[in-house]
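This is model_26.cif (mmCIF, C-alpha atoms).
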data_input
#
loop_
_atom_site.group_PDB
_atom_site.id
_atom_site.type_symbol
_atom_site.label_atom_id
_atom_site.label_comp_id
_atom_site.auth_asym_id
_atom_site.auth_seq_id
_atom_site.Cartn_x
_atom_site.Cartn_y
_atom_site.Cartn_z
ATOM 1 C CA MET A 18 53.439 -23.055 40.728
ATOM 2 C CA LYS A 19 53.139 -19.424 41.686
ATOM 3 C CA GLU A 20 55.229 -17.933 44.497
ATOM 4 C CA PHE A 21 54.255 -15.030 46.761
ATOM 5 C CA LEU A 22 56.790 -13.188 48.937
ATOM 6 C CA ILE A 23 54.982 -11.648 51.909
ATOM 7 C CA ASP A 24 55.923 -8.023 52.653
ATOM 8 C CA ASP A 25 55.082 -5.755 55.560
ATOM 9 C CA SER A 26 51.738 -4.730 54.066
ATOM 10 C CA ALA A 27 50.452 -8.315 54.293
ATOM 11 C CA ALA A 28 51.976 -9.150 57.677
ATOM 12 C CA ASP A 29 49.592 -10.672 60.232
ATOM 13 C CA GLN A 30 46.874 -11.401 57.655
ATOM 14 C CA ARG A 31 45.125 -14.787 57.550
ATOM 15 C CA LEU A 32 46.476 -16.967 54.772
ATOM 16 C CA ASP A 33 43.039 -17.743 53.265
ATOM 17 C CA ARG A 34 41.999 -14.077 53.079
ATOM 18 C CA TYR A 35 45.278 -13.088 51.486
ATOM 19 C CA LEU A 36 45.084 -15.761 48.795
ATOM 20 C CA ARG A 37 41.433 -15.136 47.896
ATOM 21 C CA ARG A 38 42.371 -11.514 47.272
ATOM 22 C CA GLU A 39 45.552 -12.257 45.322
ATOM 23 C CA VAL A 40 44.497 -15.275 43.239
ATOM 24 C CA PRO A 41 41.609 -14.662 40.811
ATOM 25 C CA GLY A 42 39.135 -17.505 40.682
ATOM 26 C CA LEU A 43 40.230 -19.088 43.947
ATOM 27 C CA THR A 44 37.093 -20.059 45.815
ATOM 28 C CA GLN A 45 36.981 -21.078 49.465
ATOM 29 C CA GLY A 46 36.156 -24.656 48.441
ATOM 30 C CA VAL A 47 39.159 -24.940 46.119
ATOM 31 C CA LEU A 48 41.402 -23.299 48.716
ATOM 32 C CA GLN A 49 40.414 -25.817 51.393
ATOM 33 C CA LYS A 50 41.055 -28.730 49.040
ATOM 34 C CA LEU A 51 44.516 -27.426 48.104
ATOM 35 C CA LEU A 52 45.375 -26.964 51.787
ATOM 36 C CA ARG A 53 44.186 -30.489 52.707
ATOM 37 C CA THR A 54 46.295 -32.063 49.956
ATOM 38 C CA GLY A 55 49.341 -29.968 50.822
ATOM 39 C CA LYS A 56 49.507 -28.256 47.455
ATOM 40 C CA ILE A 57 49.667 -24.847 49.113
ATOM 41 C CA ARG A 58 52.940 -24.498 51.055
ATOM 42 C CA LEU A 59 54.016 -21.853 53.530
ATOM 43 C CA ASN A 60 57.821 -21.651 53.720
ATOM 44 C CA GLY A 61 57.901 -25.117 52.126
ATOM 45 C CA ALA A 62 55.596 -26.756 54.693
ATOM 46 C CA LYS A 63 51.954 -27.789 54.752
ATOM 47 C CA THR A 64 49.788 -25.117 56.373
ATOM 48 C CA GLU A 65 46.244 -24.148 57.458
ATOM 49 C CA ALA A 66 43.718 -21.577 56.272
ATOM 50 C CA ASN A 67 43.965 -19.591 59.511
ATOM 51 C CA ALA A 68 47.750 -19.375 59.539
ATOM 52 C CA ARG A 69 49.028 -15.833 60.165
ATOM 53 C CA LEU A 70 51.462 -14.520 57.606
ATOM 54 C CA GLN A 71 54.683 -12.760 58.527
ATOM 55 C CA ALA A 72 56.903 -10.439 56.525
ATOM 56 C CA GLY A 73 59.478 -12.531 54.649
ATOM 57 C CA ASP A 74 57.261 -15.640 54.401
ATOM 58 C CA THR A 75 57.052 -17.464 51.087
ATOM 59 C CA LEU A 76 53.776 -18.923 49.812
ATOM 60 C CA THR A 77 53.635 -21.325 46.887
ATOM 61 C CA VAL A 78 50.301 -21.973 45.162
ATOM 62 C CA PRO A 79 49.505 -24.104 42.088
ATOM 63 C CA GLU A 80 48.159 -22.312 39.009
ATOM 64 C CA ILE A 81 44.399 -21.814 39.308
ATOM 65 C CA ALA A 82 42.332 -22.036 36.114
ATOM 66 C CA PRO A 83 39.984 -19.049 35.757
ATOM 67 C CA PRO A 84 36.391 -20.001 36.543
ATOM 68 C CA LYS A 85 34.121 -20.787 33.635
ATOM 69 C CA GLU A 86 31.367 -18.269 33.231
ATOM 70 C CA ALA A 87 28.051 -19.800 34.031
ATOM 71 C CA PRO A 88 25.747 -19.773 31.018
ATOM 72 C CA LYS A 89 23.425 -16.811 31.155
ATOM 73 C CA GLN A 90 19.949 -17.817 32.056
ATOM 74 C CA ARG A 91 17.359 -16.516 29.677
ATOM 75 C CA GLN A 92 15.072 -14.131 31.493
ATOM 76 C CA ILE A 93 11.491 -15.149 31.124
ATOM 77 C CA VAL A 94 9.255 -12.122 30.960
ATOM 78 C CA LYS A 95 5.942 -12.756 32.621
ATOM 79 C CA MET A 96 3.112 -11.015 30.852
ATOM 80 C CA ASP A 97 -0.457 -10.530 31.810
ATOM 81 C CA PRO A 98 -2.393 -13.392 30.132
ATOM 82 C CA GLU A 99 -4.738 -10.990 28.372
ATOM 83 C CA ARG A 100 -1.833 -8.890 27.081
ATOM 84 C CA LEU A 101 -0.009 -12.011 25.903
ATOM 85 C CA LYS A 102 -3.146 -13.155 24.104
ATOM 86 C CA ALA A 103 -3.419 -9.736 22.441
ATOM 87 C CA LEU A 104 0.238 -9.877 21.366
ATOM 88 C CA LYS A 105 -0.206 -13.306 19.783
ATOM 89 C CA ALA A 106 -3.290 -11.999 17.978
ATOM 90 C CA MET A 107 -1.180 -9.272 16.349
ATOM 91 C CA ILE A 108 0.890 -11.831 14.416
ATOM 92 C CA ILE A 109 -0.216 -12.023 10.787
ATOM 93 C CA TYR A 110 2.849 -13.763 9.339
ATOM 94 C CA GLU A 111 5.858 -15.695 10.612
ATOM 95 C CA ASP A 112 8.729 -17.641 9.075
ATOM 96 C CA ASP A 113 12.282 -18.573 10.072
ATOM 97 C CA ALA A 114 13.550 -15.020 9.522
ATOM 98 C CA LEU A 115 10.858 -12.609 10.666
ATOM 99 C CA ILE A 116 7.533 -11.943 12.319
ATOM 100 C CA ALA A 117 4.979 -9.454 10.978
ATOM 101 C CA LEU A 118 2.592 -7.772 13.392
ATOM 102 C CA ASN A 119 -0.555 -5.756 12.824
ATOM 103 C CA LYS A 120 0.115 -3.195 15.559
ATOM 104 C CA PRO A 121 -2.968 -1.580 17.064
ATOM 105 C CA ALA A 122 -3.279 2.180 17.248
ATOM 106 C CA GLY A 123 -2.168 3.552 20.608
ATOM 107 C CA LEU A 124 0.546 0.965 21.259
ATOM 108 C CA ALA A 125 4.051 2.438 21.182
ATOM 109 C CA VAL A 126 6.812 0.576 19.360
ATOM 110 C CA GLN A 127 9.493 1.555 21.879
ATOM 111 C CA GLY A 128 9.573 2.961 25.393
ATOM 112 C CA GLY A 129 9.981 6.594 26.320
ATOM 113 C CA SER A 130 8.899 9.162 28.852
ATOM 114 C CA GLY A 131 5.703 7.907 30.459
ATOM 115 C CA ILE A 132 5.529 4.851 28.159
ATOM 116 C CA ASN A 133 5.597 1.587 30.085
ATOM 117 C CA VAL A 134 3.848 -0.712 27.623
ATOM 118 C CA HIS A 135 5.426 -1.036 24.173
ATOM 119 C CA VAL A 136 6.185 -3.642 21.501
ATOM 120 C CA ASP A 137 9.911 -3.765 22.245
ATOM 121 C CA GLY A 138 9.159 -4.697 25.843
ATOM 122 C CA MET A 139 7.016 -7.621 24.693
ATOM 123 C CA LEU A 140 9.494 -9.262 22.324
ATOM 124 C CA ASP A 141 10.730 -11.813 24.880
ATOM 125 C CA ALA A 142 7.315 -13.422 24.628
ATOM 126 C CA LEU A 143 7.906 -13.981 20.888
ATOM 127 C CA GLN A 144 11.306 -15.633 21.282
ATOM 128 C CA GLY A 145 10.038 -19.172 21.697
ATOM 129 C CA ASP A 146 12.885 -21.683 21.287
ATOM 130 C CA ASN A 147 15.059 -19.307 19.251
ATOM 131 C CA PRO A 148 18.525 -18.625 20.719
ATOM 132 C CA GLU A 149 18.213 -14.862 20.094
ATOM 133 C CA ARG A 150 15.685 -12.325 21.255
ATOM 134 C CA PRO A 151 13.630 -10.846 18.378
ATOM 135 C CA LYS A 152 14.654 -7.361 17.248
ATOM 136 C CA LEU A 153 12.855 -4.300 15.913
ATOM 137 C CA VAL A 154 13.952 -3.232 12.425
ATOM 138 C CA HIS A 155 11.772 -0.149 11.867
ATOM 139 C CA ARG A 156 9.121 1.944 13.590
ATOM 140 C CA ILE A 157 5.672 3.364 13.041
ATOM 141 C CA ASP A 158 4.098 6.083 15.163
ATOM 142 C CA ARG A 159 2.351 5.160 18.374
ATOM 143 C CA ASP A 160 -1.063 6.262 17.092
ATOM 144 C CA THR A 161 -0.591 4.684 13.651
ATOM 145 C CA SER A 162 -1.853 1.128 13.226
ATOM 146 C CA GLY A 163 -0.629 -1.545 10.871
ATOM 147 C CA LEU A 164 2.371 -3.500 9.685
ATOM 148 C CA LEU A 165 5.466 -3.782 11.847
ATOM 149 C CA LEU A 166 8.277 -6.226 11.067
ATOM 150 C CA ILE A 167 10.330 -8.007 13.722
ATOM 151 C CA ALA A 168 13.572 -9.856 12.920
ATOM 152 C CA LYS A 169 14.233 -13.189 14.617
ATOM 153 C CA SER A 170 18.016 -12.767 14.792
ATOM 154 C CA GLY A 171 20.746 -10.159 14.597
ATOM 155 C CA LYS A 172 21.706 -11.345 11.108
ATOM 156 C CA MET A 173 18.159 -11.013 9.814
ATOM 157 C CA ALA A 174 17.795 -7.635 11.552
ATOM 158 C CA THR A 175 20.879 -6.318 9.739
ATOM 159 C CA LYS A 176 19.480 -7.364 6.357
ATOM 160 C CA LEU A 177 15.995 -6.001 7.014
ATOM 161 C CA THR A 178 17.308 -2.715 8.401
ATOM 162 C CA ALA A 179 19.476 -2.314 5.297
ATOM 163 C CA ALA A 180 16.410 -2.898 3.117
ATOM 164 C CA PHE A 181 14.502 -0.117 4.880
ATOM 165 C CA LYS A 182 17.457 2.285 4.799
ATOM 166 C CA GLY A 183 18.153 1.494 1.155
ATOM 167 C CA ARG A 184 14.488 2.086 0.268
ATOM 168 C CA ASP A 185 14.247 -1.504 -0.951
ATOM 169 C CA VAL A 186 10.764 -1.530 0.541
ATOM 170 C CA GLU A 187 7.433 -0.436 -0.894
ATOM 171 C CA LYS A 188 5.215 0.952 1.862
ATOM 172 C CA THR A 189 1.533 1.701 1.378
ATOM 173 C CA TYR A 190 -0.595 3.512 3.958
ATOM 174 C CA TRP A 191 -4.308 4.220 4.015
ATOM 175 C CA ALA A 192 -5.675 7.356 5.651
ATOM 176 C CA LEU A 193 -9.028 9.058 6.069
ATOM 177 C CA LEU A 194 -8.711 12.769 5.317
ATOM 178 C CA ALA A 195 -10.835 15.783 6.155
ATOM 179 C CA GLY A 196 -11.402 17.160 2.662
ATOM 180 C CA VAL A 197 -10.246 15.928 -0.726
ATOM 181 C CA PRO A 198 -6.923 16.980 -2.267
ATOM 182 C CA GLU A 199 -6.830 18.320 -5.795
ATOM 183 C CA PRO A 200 -5.683 16.845 -8.056
ATOM 184 C CA PHE A 201 -6.866 13.416 -6.886
ATOM 185 C CA GLU A 202 -3.477 11.905 -7.582
ATOM 186 C CA GLY A 203 0.032 13.293 -7.390
ATOM 187 C CA ARG A 204 3.361 13.611 -5.627
ATOM 188 C CA ILE A 205 4.203 15.707 -2.576
ATOM 189 C CA ASP A 206 7.846 16.778 -2.749
ATOM 190 C CA LEU A 207 8.179 18.948 0.326
ATOM 191 C CA PRO A 208 11.259 19.016 2.590
ATOM 192 C CA LEU A 209 10.613 18.686 6.324
ATOM 193 C CA LYS A 210 12.575 19.631 9.387
ATOM 194 C CA ARG A 211 12.237 18.461 12.948
ATOM 195 C CA GLN A 212 11.097 21.030 15.470
ATOM 196 C CA ASP A 213 11.446 20.200 19.160
ATOM 197 C CA LEU A 214 8.624 21.436 21.374
ATOM 198 C CA GLY A 215 9.638 20.640 24.931
ATOM 199 C CA THR A 216 8.779 16.974 25.486
ATOM 200 C CA THR A 217 7.461 16.455 21.948
ATOM 201 C CA SER A 218 8.610 17.047 18.373
ATOM 202 C CA ARG A 219 6.862 17.722 15.091
ATOM 203 C CA ALA A 220 7.746 17.911 11.422
ATOM 204 C CA GLU A 221 7.527 21.307 9.783
ATOM 205 C CA PRO A 222 7.623 22.061 6.034
ATOM 206 C CA THR A 223 10.656 24.026 4.912
ATOM 207 C CA THR A 224 12.547 25.032 1.774
ATOM 208 C CA ARG A 225 15.318 23.228 -0.073
ATOM 209 C CA LYS A 226 17.684 25.986 0.984
ATOM 210 C CA ASP A 227 17.152 25.215 4.671
ATOM 211 C CA LYS A 228 20.246 23.306 5.868
ATOM 212 C CA ASP A 229 18.124 21.651 8.568
ATOM 213 C CA GLY A 230 15.551 20.447 6.062
ATOM 214 C CA GLN A 231 15.400 16.839 4.870
ATOM 215 C CA LYS A 232 14.130 15.562 1.555
ATOM 216 C CA ALA A 233 10.616 14.130 1.912
ATOM 217 C CA ILE A 234 8.593 12.644 -0.961
ATOM 218 C CA THR A 235 5.159 10.999 -0.844
ATOM 219 C CA ASP A 236 2.975 9.749 -3.713
ATOM 220 C CA TYR A 237 -0.764 9.839 -3.098
ATOM 221 C CA ARG A 238 -3.958 8.651 -4.768
ATOM 222 C CA VAL A 239 -7.585 9.166 -3.728
ATOM 223 C CA LEU A 240 -9.319 5.781 -3.579
ATOM 224 C CA ASP A 241 -12.806 6.905 -2.527
ATOM 225 C CA ARG A 242 -14.522 10.087 -1.391
ATOM 226 C CA ALA A 243 -17.680 11.414 0.220
ATOM 227 C CA ALA A 244 -18.487 14.511 -1.869
ATOM 228 C CA MET A 245 -15.568 16.841 -1.126
ATOM 229 C CA ARG A 246 -15.795 16.460 2.660
ATOM 230 C CA PHE A 247 -13.848 13.237 3.293
ATOM 231 C CA CYS A 248 -11.715 10.838 1.335
ATOM 232 C CA LEU A 249 -9.845 7.571 1.610
ATOM 233 C CA ILE A 250 -6.324 8.145 0.359
ATOM 234 C CA GLU A 251 -3.457 5.805 -0.485
ATOM 235 C CA LEU A 252 -0.039 7.141 0.546
ATOM 236 C CA LYS A 253 3.305 5.766 -0.615
ATOM 237 C CA PRO A 254 6.280 7.400 1.098
ATOM 238 C CA HIS A 255 9.605 7.289 -0.744
ATOM 239 C CA THR A 256 11.460 8.669 2.272
ATOM 240 C CA GLY A 257 11.084 7.938 5.970
ATOM 241 C CA ARG A 258 10.965 11.240 7.818
ATOM 242 C CA MET A 259 9.378 11.657 11.217
ATOM 243 C CA HIS A 260 5.602 12.227 10.848
ATOM 244 C CA GLN A 261 6.103 12.597 7.080
ATOM 245 C CA LEU A 262 2.632 11.473 5.999
ATOM 246 C CA ARG A 263 0.866 13.513 8.647
ATOM 247 C CA ALA A 264 2.789 16.690 7.766
ATOM 248 C CA HIS A 265 2.358 16.152 4.013
ATOM 249 C CA CYS A 266 -1.401 15.616 4.303
ATOM 250 C CA LEU A 267 -1.705 18.805 6.317
ATOM 251 C CA ALA A 268 0.350 20.622 3.670
ATOM 252 C CA LEU A 269 -2.233 19.524 1.075
ATOM 253 C CA GLY A 270 -4.881 21.254 3.194
ATOM 254 C CA THR A 271 -6.472 17.886 4.045
ATOM 255 C CA PRO A 272 -5.349 16.747 7.515
ATOM 256 C CA ILE A 273 -5.799 13.160 8.644
ATOM 257 C CA MET A 274 -8.907 12.576 10.727
ATOM 258 C CA GLY A 275 -8.176 12.395 14.452
ATOM 259 C CA ASP A 276 -4.694 13.894 14.071
ATOM 260 C CA GLU A 277 -4.633 16.382 16.917
ATOM 261 C CA ALA A 278 -0.989 17.367 16.330
ATOM 262 C CA TYR A 279 -1.401 18.034 12.608
ATOM 263 C CA GLY A 280 -4.636 19.851 11.880
ATOM 264 C CA GLY A 281 -6.920 18.709 14.668
ATOM 265 C CA ALA A 282 -9.433 17.113 12.276
ATOM 266 C CA PHE A 283 -12.337 15.781 14.360
ATOM 267 C CA ALA A 284 -15.998 15.296 13.496
ATOM 268 C CA GLU A 285 -19.141 13.727 14.871
ATOM 269 C CA HIS A 286 -19.565 10.012 14.081
ATOM 270 C CA PHE A 287 -15.784 9.456 13.922
ATOM 271 C CA ALA A 288 -13.640 8.046 16.716
ATOM 272 C CA PRO A 289 -11.197 10.629 18.131
ATOM 273 C CA GLN A 290 -8.245 8.518 16.981
ATOM 274 C CA LEU A 291 -5.678 8.893 14.226
ATOM 275 C CA HIS A 292 -7.042 7.400 11.003
ATOM 276 C CA LEU A 293 -3.695 6.300 9.540
ATOM 277 C CA HIS A 294 -2.891 2.664 8.838
ATOM 278 C CA ALA A 295 0.210 0.903 7.477
ATOM 279 C CA ARG A 296 -1.747 -1.267 5.052
ATOM 280 C CA ARG A 297 0.831 -2.978 2.821
ATOM 281 C CA LEU A 298 4.539 -3.811 2.703
ATOM 282 C CA THR A 299 6.533 -5.360 -0.104
ATOM 283 C CA ILE A 300 10.097 -6.104 0.911
ATOM 284 C CA SER A 301 13.089 -8.097 -0.269
ATOM 285 C CA HIS A 302 13.046 -11.107 2.027
ATOM 286 C CA PRO A 303 16.375 -11.528 3.880
ATOM 287 C CA THR A 304 16.709 -15.133 2.691
ATOM 288 C CA GLY A 305 15.716 -14.399 -0.903
ATOM 289 C CA GLY A 306 12.745 -13.380 -3.003
ATOM 290 C CA THR A 307 10.132 -10.824 -2.064
ATOM 291 C CA LEU A 308 7.400 -10.796 0.554
ATOM 292 C CA THR A 309 4.151 -8.842 0.324
ATOM 293 C CA LEU A 310 1.984 -8.401 3.408
ATOM 294 C CA GLU A 311 -1.287 -6.630 4.153
ATOM 295 C CA ALA A 312 -2.815 -5.731 7.521
ATOM 296 C CA GLU A 313 -6.527 -5.524 8.321
ATOM 297 C CA LEU A 314 -7.907 -2.101 9.205
ATOM 298 C CA PRO A 315 -8.378 -1.259 12.889
ATOM 299 C CA GLU A 316 -11.908 -1.215 14.228
ATOM 300 C CA HIS A 317 -12.176 2.593 14.493
ATOM 301 C CA MET A 318 -11.263 3.031 10.805
ATOM 302 C CA ARG A 319 -13.639 0.251 9.734
ATOM 303 C CA ALA A 320 -16.440 2.022 11.601
ATOM 304 C CA SER A 321 -15.637 5.349 9.917
ATOM 305 C CA PHE A 322 -15.489 3.726 6.467
ATOM 306 C CA LYS A 323 -18.829 2.024 7.068
ATOM 307 C CA TYR A 324 -20.426 5.324 8.084
ATOM 308 C CA LEU A 325 -19.146 6.962 4.885
ATOM 309 C CA GLY A 326 -20.076 4.008 2.691
ATOM 310 C CA PHE A 327 -16.472 3.254 1.741
ATOM 311 C CA ALA A 328 -15.527 -0.302 0.838
ATOM 312 C CA THR A 329 -13.422 -2.153 3.417
ATOM 313 C CA PRO A 330 -11.781 -4.972 1.486
ATOM 314 C CA PRO A 331 -10.150 -7.661 3.642
ATOM 315 C CA ALA A 332 -6.374 -7.816 3.739
ATOM 316 C CA ALA A 333 -4.830 -10.063 1.108
ATOM 317 C CA LYS A 334 -3.009 -13.181 2.237
ATOM 318 C CA PRO A 335 0.811 -12.995 2.530
ATOM 319 C CA VAL A 336 2.609 -13.669 -0.749
ATOM 320 C CA ARG A 337 6.211 -14.920 -0.922
ATOM 321 C CA ARG A 338 7.773 -14.901 -4.395
ATOM 322 C CA ALA A 339 11.138 -16.374 -5.349
#
Encoded form using structure tokens:
Amino acid sequence: MKEFLIDDSAADQRLDRYLRREVPGLTQGVLQKLLRTGKIRLNGAKTEANARLQAGDTLTVPEIAPPKEAPKQRQIVKMDPERLKALKAMIIYEDDALIALNKPAGLAVQGGSGINVHVDGMLDALQGDNPERPKLVHRIDRDTSGLLLIAKSGKMATKLTAAFKGRDVEKTYWALLAGVPEPFEGRIDLPLKRQDLGTTSRAEPTTRKDKDGQKAITDYRVLDRAAMRFCLIELKPHTGRMHQLRAHCLALGTPIMGDEAYGGAFAEHFAPQLHLHARRLTISHPTGGTLTLEAELPEHMRASFKYLGFATPPAAKPVRRA
């Protein structure tokens, strides 16, 4: 039992109002039941909810168990049927640990200023019967298409994030460039630093002596070319700096087609979109072994390749090795 000694500050208050304030978890229903059964006593006697308290009164109340928290109801996110259909179509691989998407160009991975539609906001629709909401483990630029991995649980997200941070991932991008770099194969070892430009940011080349610079390394290889005007290039970043591939291609003197922020390379017969695609990922699978995935090219890049006579091989099927 718990005893309350009424002082002047509580004088003339209704008994029920006083107790609901002083006893956590005491609902009106429980209070009425305790009063009916005489388990709440005022000066040792049975009392009523509307009794007026006086200074010097003594109230005795049985211990009240704290209320159990109601289980949180999972919020079901209603999506436009067409958008939901498009999201499902992005899935190119799924197992108990992760989901791999082929993200279209123009779809942001996360929200931001003026961005209302993004992958992160759609993940509820991929939860299914899983107890946890899927989680992002890395990002690719809004205008870049291709492979994006989603973890199905916090545990899997931790392992996948560690793999990306530890560079235990081999990433391969394809890009269409204005011009052809010479030599046709090599390594770009050029530090970059972030430069804020009002509401946007860009990566700028810098020197190793610049304390704001970050190490940035990309291997490249020309896969096909149209004279010396355009080329299909394979890019393998060894670091993950903001806009690294776009800045490195510009530094070679061969900006990516459709990249307004880095070189402004546009030409007739080519869609005014960024021609950069996350084509392949090989990663240590969080439950063991390795997983290699490939993503089909977006339509605007397929059209550009066809115009130039470049081969457009289909994406290989997912491969899981022990």
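Interatomic distance, CA of Gly138 (chain A) against CA of Val126 (chain A): 8.7 Å.
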Region 229-235 of chain A: which residues within 10 Å, counting only C-alpha atoms, same-chain residues fewer than 4 positions away excluded, as a ChimeraX atom specification?
/A:203-212,220-225,252-259,261-262,265-266
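CA of Ala295 (chain A) to CA of Tyr190 (chain A) spans 4.5 Å [interatomic distance, one decimal].
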So, counting all atoms listed in the file, which residue among A:Gln144, A:Thr178, A:Ser130, A:Thr217 is closest to Asp113 (chain A)?
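Closest candidate: A:Gln144.
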Would you kindly translate the PyMOL selection byres ((chain A and resi 31) around 7) into the concrete residues it picks from this file, as a PyMOL selection string?
chain A and resi 29-30+32-35+67-70
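Near Pro98 (chain A), within 12 Å and counting only C-alpha atoms, sit Leu104, Lys105 and Ala142 of chain A; same-chain residues fewer than 6 positions away were not included.
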Could you save those same residues with C-alpha atoms as an mmCIF file, keeping the file's coordinate frame?
data_model
loop_
_atom_site.group_PDB
_atom_site.id
_atom_site.type_symbol
_atom_site.label_atom_id
_atom_site.label_comp_id
_atom_site.auth_asym_id
_atom_site.auth_seq_id
_atom_site.Cartn_x
_atom_site.Cartn_y
_atom_site.Cartn_z
ATOM 1 C CA LEU A 104 0.238 -9.877 21.366
ATOM 2 C CA LYS A 105 -0.206 -13.306 19.783
ATOM 3 C CA ALA A 142 7.315 -13.422 24.628
#
Quick one: distance from CA of Glu20 (chain A) to CA of Glu80 (chain A) in Å, one decimal?
10.0 Å
Given all atoms listed in the file as the basis, pick out the residue of A:Ala125, A:Ala180, A:Leu164, A:Ala244 nearest to Glu311 (chain A).
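Going through A:Ala125, A:Ala180, A:Leu164, A:Ala244 one by one, the smallest distance to Glu311 (chain A) is for A:Leu164.
Minimum distance to Val134 (chain A) across A:Gly73, A:Arg38, A:Leu48, A:Arg100 (counting only C-alpha atoms) occurs at A:Arg100.
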Padded axis-aligned box of region 131-145 of chain A (5 Å per side), centre and edge lengths, Å, one decimal, as lines of an AutoDock Vina configuration file:
center_x = 7.6
center_y = -5.6
center_z = 25.7
size_x = 17.5
size_y = 37.1
size_z = 19.6
Report as a PyMOL selection string all protein, DNA and RNA residues lying within 12 Å of Lys152 (chain A), evaluated on all atoms listed in the file, omitting residues in the same chain fewer than 2 positions from it.
chain A and resi 114-117+126-127+136-141+143-144+149-150+154-156+165-178
Output check: residues returned by the PyMOL selection byres ((chain A and resi 291) around 10), as an MDAnalysis selection string
chainID A and resid 122:123 159:162 192:193 263 273:278 281:283 288:290 292:294 317:318
Chain and number of each residue from the PyMOL selection byres ((chain A and resi 106) around 12), as a ChimeraX atom specification:
/A:99-105,107-110,117-121,143
Give me, as JSON lines, the closest atom pair and its distance (Å, one decimal) for every residue of region 187-246 of chain A within a cut-off of 8 Å of region 324-335 of chain A, counting only C-alpha atoms, rows sorted by chain and rising number.
{"residue": "A:Asp241", "atom": "CA", "partner": "A:Phe327", "partner_atom": "CA", "distance": 6.7}
{"residue": "A:Arg242", "atom": "CA", "partner": "A:Phe327", "partner_atom": "CA", "distance": 7.8}
{"residue": "A:Ala243", "atom": "CA", "partner": "A:Leu325", "partner_atom": "CA", "distance": 6.6}
Just the residues within 9 Å of Val336 (chain A), please, counting all atoms listed in the file, with nothing from its chain fewer than 4 positions along; format it as a list in words.
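Counting only the stated atoms, we get Thr307, Leu308, Thr309 and Leu310 of chain A.
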For Pro198 (chain A), find every residue with an atom within 10 Å (counting all atoms listed in the file), except residues of its own chain fewer than 6 positions away, and show them as a ChimeraX atom specification.
/A:237-239,245,247-248,250,266,269-272
Please produce a file of the residues just selected, as a PDB file, in the frame of the given file, where the atoms kept are C-alpha atoms.
ATOM      1  CA  TYR A 237      -0.764   9.839  -3.098  1.00  0.00           C
ATOM      2  CA  ARG A 238      -3.958   8.651  -4.768  1.00  0.00           C
ATOM      3  CA  VAL A 239      -7.585   9.166  -3.728  1.00  0.00           C
ATOM      4  CA  MET A 245     -15.568  16.841  -1.126  1.00  0.00           C
ATOM      5  CA  PHE A 247     -13.848  13.237   3.293  1.00  0.00           C
ATOM      6  CA  CYS A 248     -11.715  10.838   1.335  1.00  0.00           C
ATOM      7  CA  ILE A 250      -6.324   8.145   0.359  1.00  0.00           C
ATOM      8  CA  CYS A 266      -1.401  15.616   4.303  1.00  0.00           C
ATOM      9  CA  LEU A 269      -2.233  19.524   1.075  1.00  0.00           C
ATOM     10  CA  GLY A 270      -4.881  21.254   3.194  1.00  0.00           C
ATOM     11  CA  THR A 271      -6.472  17.886   4.045  1.00  0.00           C
ATOM     12  CA  PRO A 272      -5.349  16.747   7.515  1.00  0.00           C
TER      13      PRO A 272
END
